[in-house]
Amino acid sequence: MSETDFTPGAALPELKVTPDRFLTVRYAGASGDFNPIHIDEEFAKQVGLPGRILHGLWTMAQVARAQTEAAGGPHALKALEVQFRGMGVPEAEVTVTSTVREVSAGIASVDTVAEQNGAAIIRNATAELAVG
Amino acid sequence: MSVSTTAVGKRYPPTVYAVGREKIREYAMAVGETNPLHHDVEAARAAGYADLVAPPMFCVVYCAPALGPGLFDPEVGIDFARMVHGGQQFRWGPLVVAGDEITTAVSVTSISEDGGRRYFVFESVSTNQAGDTVCVGTWTNIVRGA
């Protein structure tokens, strides 16, 4: 069990992570998503992006990790819903913040967001955590 | 031109994914998971699991082979050059561990158009070898106006 406070309005511990220059290559291999916008700088620029961008599902995995670390393990995460906005980039810190909205029947509903360079890259996200 | 919705309800052949220890470790490393349950077999067993535990978001790995046919189905008609991943929802059942065989079936939930954007929503249902539903995913892809 975790010592995290799961009362409504409580903030869960913040997660901060800086994806290094080659993170998107490792994640491509691990996930099987080799879309060149994530791993090929020239291709990304040709299609109008500033450069290689993070996989949205990697960023979602950081949101998930913030929840499981707060709740004491992977068993606690029952559901996660996110909207992707904008785009994340390598070599800049990503911060996940989470706030408990309500607790009912041993399930905490948590509002969470991932930000980078002052903008949300995942927003309107909700996690359900077993805390009973 | 309005979007074709003839593919709504279409189902694709289920795929089977065999979950391996080293794939769990590789995935856990890539997403920064340091919990020993994902790396150390003895720690996982001591915690009551049969083998290494997959992080919940490992579902993207075992679902991926099942999603391809729908994403590339001409009847669905996704224009990849304009596609972005708009939203994602997962609901999890029992944790997946190394040695599990996960069957995933994908269907087209909805196709719609709003303000020049086209929304393509797929559902994935993943079950383990015991018949437990381990993950239900809702995948929303948005194609920007042509």
# chains A, B, ... in the order shown; residues from 1 in each chain; ligands from 1

$ interface_residues --of "chain A" --to "chain B" --cutoff "7 Å" --atoms "only C-alpha atoms" --output "short mmCIF file (atom, residue, chain, number, x, y, z; two decimals) with N, CA, C and O atoms, in the first residue's frame"
data_model
loop_
_atom_site.label_atom_id
_atom_site.label_comp_id
_atom_site.auth_asym_id
_atom_site.auth_seq_id
_atom_site.Cartn_x
_atom_site.Cartn_y
_atom_site.Cartn_z
N ARG A 26 14.26 4.21 -28.88
CA ARG A 26 14.06 3.06 -27.98
C ARG A 26 12.57 2.73 -27.85
O ARG A 26 12.17 1.56 -27.85
N TYR A 27 11.74 3.78 -27.75
CA TYR A 27 10.31 3.52 -27.61
C TYR A 27 9.73 2.92 -28.90
O TYR A 27 8.84 2.06 -28.84
N ALA A 30 10.53 -0.68 -28.68
CA ALA A 30 9.79 -1.35 -27.61
C ALA A 30 8.32 -1.50 -27.97
O ALA A 30 7.68 -2.49 -27.63
N SER A 31 7.77 -0.51 -28.65
CA SER A 31 6.32 -0.50 -28.92
C SER A 31 5.97 -1.03 -30.30
O SER A 31 4.82 -1.43 -30.53
N TRP A 58 3.80 7.11 -25.49
CA TRP A 58 4.88 7.18 -24.50
C TRP A 58 4.50 8.19 -23.41
O TRP A 58 4.65 7.92 -22.21
N ALA A 61 2.06 6.81 -21.20
CA ALA A 61 2.70 5.87 -20.26
C ALA A 61 3.30 6.61 -19.07
O ALA A 61 3.39 6.05 -17.97
N GLN A 62 3.75 7.85 -19.28
CA GLN A 62 4.25 8.65 -18.15
C GLN A 62 3.11 9.04 -17.22
O GLN A 62 3.25 9.05 -15.99
N PRO A 74 1.27 -1.46 -10.19
CA PRO A 74 0.49 -1.51 -11.44
C PRO A 74 -0.92 -2.05 -11.26
O PRO A 74 -1.81 -1.72 -12.05
N HIS A 75 -1.14 -2.83 -10.17
CA HIS A 75 -2.47 -3.41 -9.95
C HIS A 75 -3.53 -2.35 -9.72
O HIS A 75 -4.71 -2.58 -9.93
N LYS A 78 -6.90 1.05 -12.88
CA LYS A 78 -8.04 0.33 -13.47
C LYS A 78 -8.45 0.91 -14.81
O LYS A 78 -9.00 0.19 -15.66
N ALA A 79 -8.25 2.21 -14.99
CA ALA A 79 -8.64 2.84 -16.26
C ALA A 79 -7.88 4.15 -16.43
O ALA A 79 -7.51 4.80 -15.44
N LEU A 80 -7.66 4.51 -17.68
CA LEU A 80 -7.02 5.79 -17.99
C LEU A 80 -7.54 6.27 -19.33
O LEU A 80 -7.56 5.51 -20.31
N GLU A 81 -7.99 7.52 -19.34
CA GLU A 81 -8.51 8.11 -20.57
C GLU A 81 -7.80 9.44 -20.78
O GLU A 81 -7.70 10.23 -19.85
N VAL A 82 -7.30 9.67 -21.99
CA VAL A 82 -6.55 10.92 -22.25
C VAL A 82 -6.96 11.51 -23.60
O VAL A 82 -7.47 10.82 -24.48
N GLN A 83 -6.72 12.81 -23.72
CA GLN A 83 -6.76 13.47 -25.02
C GLN A 83 -5.37 13.99 -25.32
O GLN A 83 -4.72 14.59 -24.45
N PHE A 84 -4.91 13.76 -26.55
CA PHE A 84 -3.60 14.26 -26.96
C PHE A 84 -3.78 15.64 -27.59
O PHE A 84 -4.69 15.86 -28.39
#

$ select_by_dssp --residues "range 41-97 of chain B" --states "helix (DSSP H, G or I)" --output "list in words"
Val41, Glu42, Ala43, Ala44, Arg45, Ala46, Pro56, Met57, Phe58, Cys59, Val60, Val61, Tyr62, Cys63, Ala64, Pro65, Ala66, Leu67, Gly68, Pro69, Gly70, Leu71, Phe80, Ala81 and Arg82 of chain B

$ select_by_dssp --residues "range 51-137 of chain B" --states "strand (DSSP E or B)" --output "VMD selection string"
chain B and resid 53 83 to 92 97 101 to 114 117 to 127 133 to 137

$ residues_around --residues "range 109-122 of chain B" --least-positions-apart "4" --cutoff "6 Å" --atoms "only C-alpha atoms" --output "list in words"
Thr5, Val8, Gly9, Thr138, Trp139, Thr140, Asn141, Ile142, Val143, Arg144 and Gly145 of chain B

$ atom_distance --atom1 "CA of Thr127 in chain B" --atom2 "CA of Gly99 in chain B"
13.6 Å

$ atom_distance --atom1 "CA of Val96 in chain B" --atom2 "CA of Glu22 in chain B"
14.0 Å

$ closest_residue --among "A:Pro13, A:Gly132, A:Gly106, A:Pro8" --to "Ala70 in chain A" --atoms "only C-alpha atoms"
A:Pro13

$ residues_around --residues "range 114-120 of chain A" --least-positions-apart "4" --cutoff "9 Å" --atoms "only C-alpha atoms" --output "JSON, numbers by chain"
{"A": [59, 60, 62, 63, 84, 85, 86, 87, 88, 89, 92, 93, 94, 95, 96, 97, 98, 125]}

$ write_last_selection --atoms "N, CA and C atoms" --output "JSON list (two decimals), in the first residue's frame"
[["chain", "number", "residue", "atom", "x", "y", "z"],
["A", 59, "THR", "N", 3.99, 9.34, -23.86],
["A", 59, "THR", "CA", 3.60, 10.35, -22.88],
["A", 59, "THR", "C", 2.46, 9.83, -22.01],
["A", 60, "MET", "N", 1.52, 9.10, -22.64],
["A", 60, "MET", "CA", 0.43, 8.50, -21.84],
["A", 60, "MET", "C", 0.99, 7.52, -20.83],
["A", 62, "GLN", "N", 3.75, 7.85, -19.28],
["A", 62, "GLN", "CA", 4.25, 8.65, -18.15],
["A", 62, "GLN", "C", 3.11, 9.04, -17.22],
["A", 63, "VAL", "N", 1.96, 9.37, -17.81],
["A", 63, "VAL", "CA", 0.77, 9.69, -17.00],
["A", 63, "VAL", "C", 0.37, 8.45, -16.20],
["A", 84, "PHE", "N", -4.91, 13.76, -26.55],
["A", 84, "PHE", "CA", -3.60, 14.26, -26.96],
["A", 84, "PHE", "C", -3.78, 15.64, -27.59],
["A", 85, "ARG", "N", -2.89, 16.57, -27.21],
["A", 85, "ARG", "CA", -2.95, 17.92, -27.77],
["A", 85, "ARG", "C", -1.54, 18.39, -28.06],
["A", 86, "GLY", "N", -1.40, 19.15, -29.13],
["A", 86, "GLY", "CA", -0.07, 19.64, -29.47],
["A", 86, "GLY", "C", 0.86, 18.47, -29.70],
["A", 87, "MET", "N", 2.14, 18.67, -29.43],
["A", 87, "MET", "CA", 3.10, 17.57, -29.61],
["A", 87, "MET", "C", 4.25, 17.73, -28.65],
["A", 88, "GLY", "N", 4.71, 16.57, -28.15],
["A", 88, "GLY", "CA", 5.87, 16.57, -27.27],
["A", 88, "GLY", "C", 7.14, 16.41, -28.09],
["A", 89, "VAL", "N", 8.23, 16.89, -27.54],
["A", 89, "VAL", "CA", 9.52, 16.79, -28.23],
["A", 89, "VAL", "C", 10.58, 16.21, -27.29],
["A", 92, "ALA", "N", 13.31, 17.83, -23.56],
["A", 92, "ALA", "CA", 12.66, 18.88, -22.77],
["A", 92, "ALA", "C", 11.83, 18.17, -21.70],
["A", 93, "GLU", "N", 11.84, 18.73, -20.50],
["A", 93, "GLU", "CA", 11.20, 18.06, -19.37],
["A", 93, "GLU", "C", 9.69, 17.97, -19.53],
["A", 94, "VAL", "N", 9.14, 16.80, -19.22],
["A", 94, "VAL", "CA", 7.69, 16.57, -19.18],
["A", 94, "VAL", "C", 7.29, 16.46, -17.71],
["A", 95, "THR", "N", 6.23, 17.17, -17.33],
["A", 95, "THR", "CA", 5.74, 17.14, -15.96],
["A", 95, "THR", "C", 4.31, 16.62, -15.94],
["A", 96, "VAL", "N", 4.07, 15.61, -15.12],
["A", 96, "VAL", "CA", 2.72, 15.07, -14.95],
["A", 96, "VAL", "C", 2.21, 15.50, -13.59],
["A", 97, "THR", "N", 1.07, 16.18, -13.57],
["A", 97, "THR", "CA", 0.43, 16.56, -12.31],
["A", 97, "THR", "C", -0.94, 15.89, -12.23],
["A", 98, "SER", "N", -1.34, 15.56, -11.01],
["A", 98, "SER", "CA", -2.55, 14.76, -10.81],
["A", 98, "SER", "C", -3.26, 15.22, -9.54],
["A", 125, "ALA", "N", -7.37, 14.36, -18.93],
["A", 125, "ALA", "CA", -7.12, 12.95, -18.65],
["A", 125, "ALA", "C", -7.72, 12.58, -17.29]]

$ decode --residues "range 80-101 of chain A" --atoms "N, CA, C and O atoms" --output "mmCIF file, in the first residue's frame"
data_model
loop_
_atom_site.group_PDB
_atom_site.id
_atom_site.type_symbol
_atom_site.label_atom_id
_atom_site.label_comp_id
_atom_site.auth_asym_id
_atom_site.auth_seq_id
_atom_site.Cartn_x
_atom_site.Cartn_y
_atom_site.Cartn_z
ATOM 1 N N LEU A 80 -7.658 4.510 -17.680
ATOM 2 C CA LEU A 80 -7.019 5.790 -17.991
ATOM 3 C C LEU A 80 -7.541 6.268 -19.332
ATOM 4 O O LEU A 80 -7.565 5.509 -20.305
ATOM 5 N N GLU A 81 -7.993 7.517 -19.343
ATOM 6 C CA GLU A 81 -8.514 8.111 -20.570
ATOM 7 C C GLU A 81 -7.799 9.437 -20.783
ATOM 8 O O GLU A 81 -7.695 10.228 -19.845
ATOM 9 N N VAL A 82 -7.297 9.674 -21.990
ATOM 10 C CA VAL A 82 -6.550 10.916 -22.255
ATOM 11 C C VAL A 82 -6.965 11.513 -23.599
ATOM 12 O O VAL A 82 -7.466 10.820 -24.476
ATOM 13 N N GLN A 83 -6.716 12.809 -23.721
ATOM 14 C CA GLN A 83 -6.762 13.473 -25.023
ATOM 15 C C GLN A 83 -5.365 13.994 -25.321
ATOM 16 O O GLN A 83 -4.718 14.589 -24.454
ATOM 17 N N PHE A 84 -4.909 13.758 -26.546
ATOM 18 C CA PHE A 84 -3.601 14.259 -26.963
ATOM 19 C C PHE A 84 -3.782 15.641 -27.591
ATOM 20 O O PHE A 84 -4.691 15.856 -28.390
ATOM 21 N N ARG A 85 -2.891 16.570 -27.208
ATOM 22 C CA ARG A 85 -2.953 17.919 -27.769
ATOM 23 C C ARG A 85 -1.536 18.389 -28.062
ATOM 24 O O ARG A 85 -0.621 18.103 -27.299
ATOM 25 N N GLY A 86 -1.399 19.148 -29.133
ATOM 26 C CA GLY A 86 -0.073 19.638 -29.472
ATOM 27 C C GLY A 86 0.864 18.473 -29.704
ATOM 28 O O GLY A 86 0.443 17.387 -30.103
ATOM 29 N N MET A 87 2.137 18.667 -29.430
ATOM 30 C CA MET A 87 3.096 17.574 -29.608
ATOM 31 C C MET A 87 4.251 17.727 -28.653
ATOM 32 O O MET A 87 4.703 18.824 -28.369
ATOM 33 N N GLY A 88 4.710 16.572 -28.151
ATOM 34 C CA GLY A 88 5.866 16.566 -27.273
ATOM 35 C C GLY A 88 7.142 16.407 -28.091
ATOM 36 O O GLY A 88 7.110 15.862 -29.197
ATOM 37 N N VAL A 89 8.234 16.888 -27.536
ATOM 38 C CA VAL A 89 9.522 16.795 -28.232
ATOM 39 C C VAL A 89 10.577 16.208 -27.289
ATOM 40 O O VAL A 89 10.456 16.321 -26.067
ATOM 41 N N PRO A 90 11.617 15.574 -27.858
ATOM 42 C CA PRO A 90 12.703 15.065 -27.009
ATOM 43 C C PRO A 90 13.495 16.205 -26.368
ATOM 44 O O PRO A 90 13.436 17.350 -26.811
ATOM 45 N N GLU A 91 14.246 15.869 -25.334
ATOM 46 C CA GLU A 91 15.195 16.773 -24.683
ATOM 47 C C GLU A 91 14.554 17.996 -24.038
ATOM 48 O O GLU A 91 15.146 19.068 -24.001
ATOM 49 N N ALA A 92 13.308 17.830 -23.565
ATOM 50 C CA ALA A 92 12.662 18.876 -22.768
ATOM 51 C C ALA A 92 11.827 18.171 -21.701
ATOM 52 O O ALA A 92 11.195 17.149 -21.980
ATOM 53 N N GLU A 93 11.844 18.732 -20.502
ATOM 54 C CA GLU A 93 11.202 18.063 -19.375
ATOM 55 C C GLU A 93 9.687 17.966 -19.531
ATOM 56 O O GLU A 93 9.036 18.939 -19.927
ATOM 57 N N VAL A 94 9.137 16.799 -19.218
ATOM 58 C CA VAL A 94 7.693 16.573 -19.177
ATOM 59 C C VAL A 94 7.289 16.459 -17.708
ATOM 60 O O VAL A 94 7.938 15.754 -16.933
ATOM 61 N N THR A 95 6.229 17.167 -17.334
ATOM 62 C CA THR A 95 5.745 17.137 -15.957
ATOM 63 C C THR A 95 4.308 16.619 -15.939
ATOM 64 O O THR A 95 3.459 17.123 -16.672
ATOM 65 N N VAL A 96 4.071 15.608 -15.125
ATOM 66 C CA VAL A 96 2.717 15.065 -14.948
ATOM 67 C C VAL A 96 2.205 15.498 -13.588
ATOM 68 O O VAL A 96 2.856 15.234 -12.564
ATOM 69 N N THR A 97 1.067 16.181 -13.575
ATOM 70 C CA THR A 97 0.434 16.561 -12.315
ATOM 71 C C THR A 97 -0.937 15.890 -12.228
ATOM 72 O O THR A 97 -1.605 15.679 -13.241
ATOM 73 N N SER A 98 -1.342 15.560 -11.012
ATOM 74 C CA SER A 98 -2.552 14.763 -10.806
ATOM 75 C C SER A 98 -3.257 15.222 -9.536
ATOM 76 O O SER A 98 -2.603 15.462 -8.521
ATOM 77 N N THR A 99 -4.565 15.324 -9.617
ATOM 78 C CA THR A 99 -5.360 15.763 -8.472
ATOM 79 C C THR A 99 -6.560 14.839 -8.297
ATOM 80 O O THR A 99 -7.273 14.561 -9.268
ATOM 81 N N VAL A 100 -6.763 14.374 -7.066
ATOM 82 C CA VAL A 100 -7.901 13.497 -6.789
ATOM 83 C C VAL A 100 -9.195 14.306 -6.887
ATOM 84 O O VAL A 100 -9.329 15.361 -6.270
ATOM 85 N N ARG A 101 -10.135 13.817 -7.709
ATOM 86 C CA ARG A 101 -11.435 14.499 -7.832
ATOM 87 C C ARG A 101 -12.437 13.952 -6.827
ATOM 88 O O ARG A 101 -13.097 14.690 -6.128
#
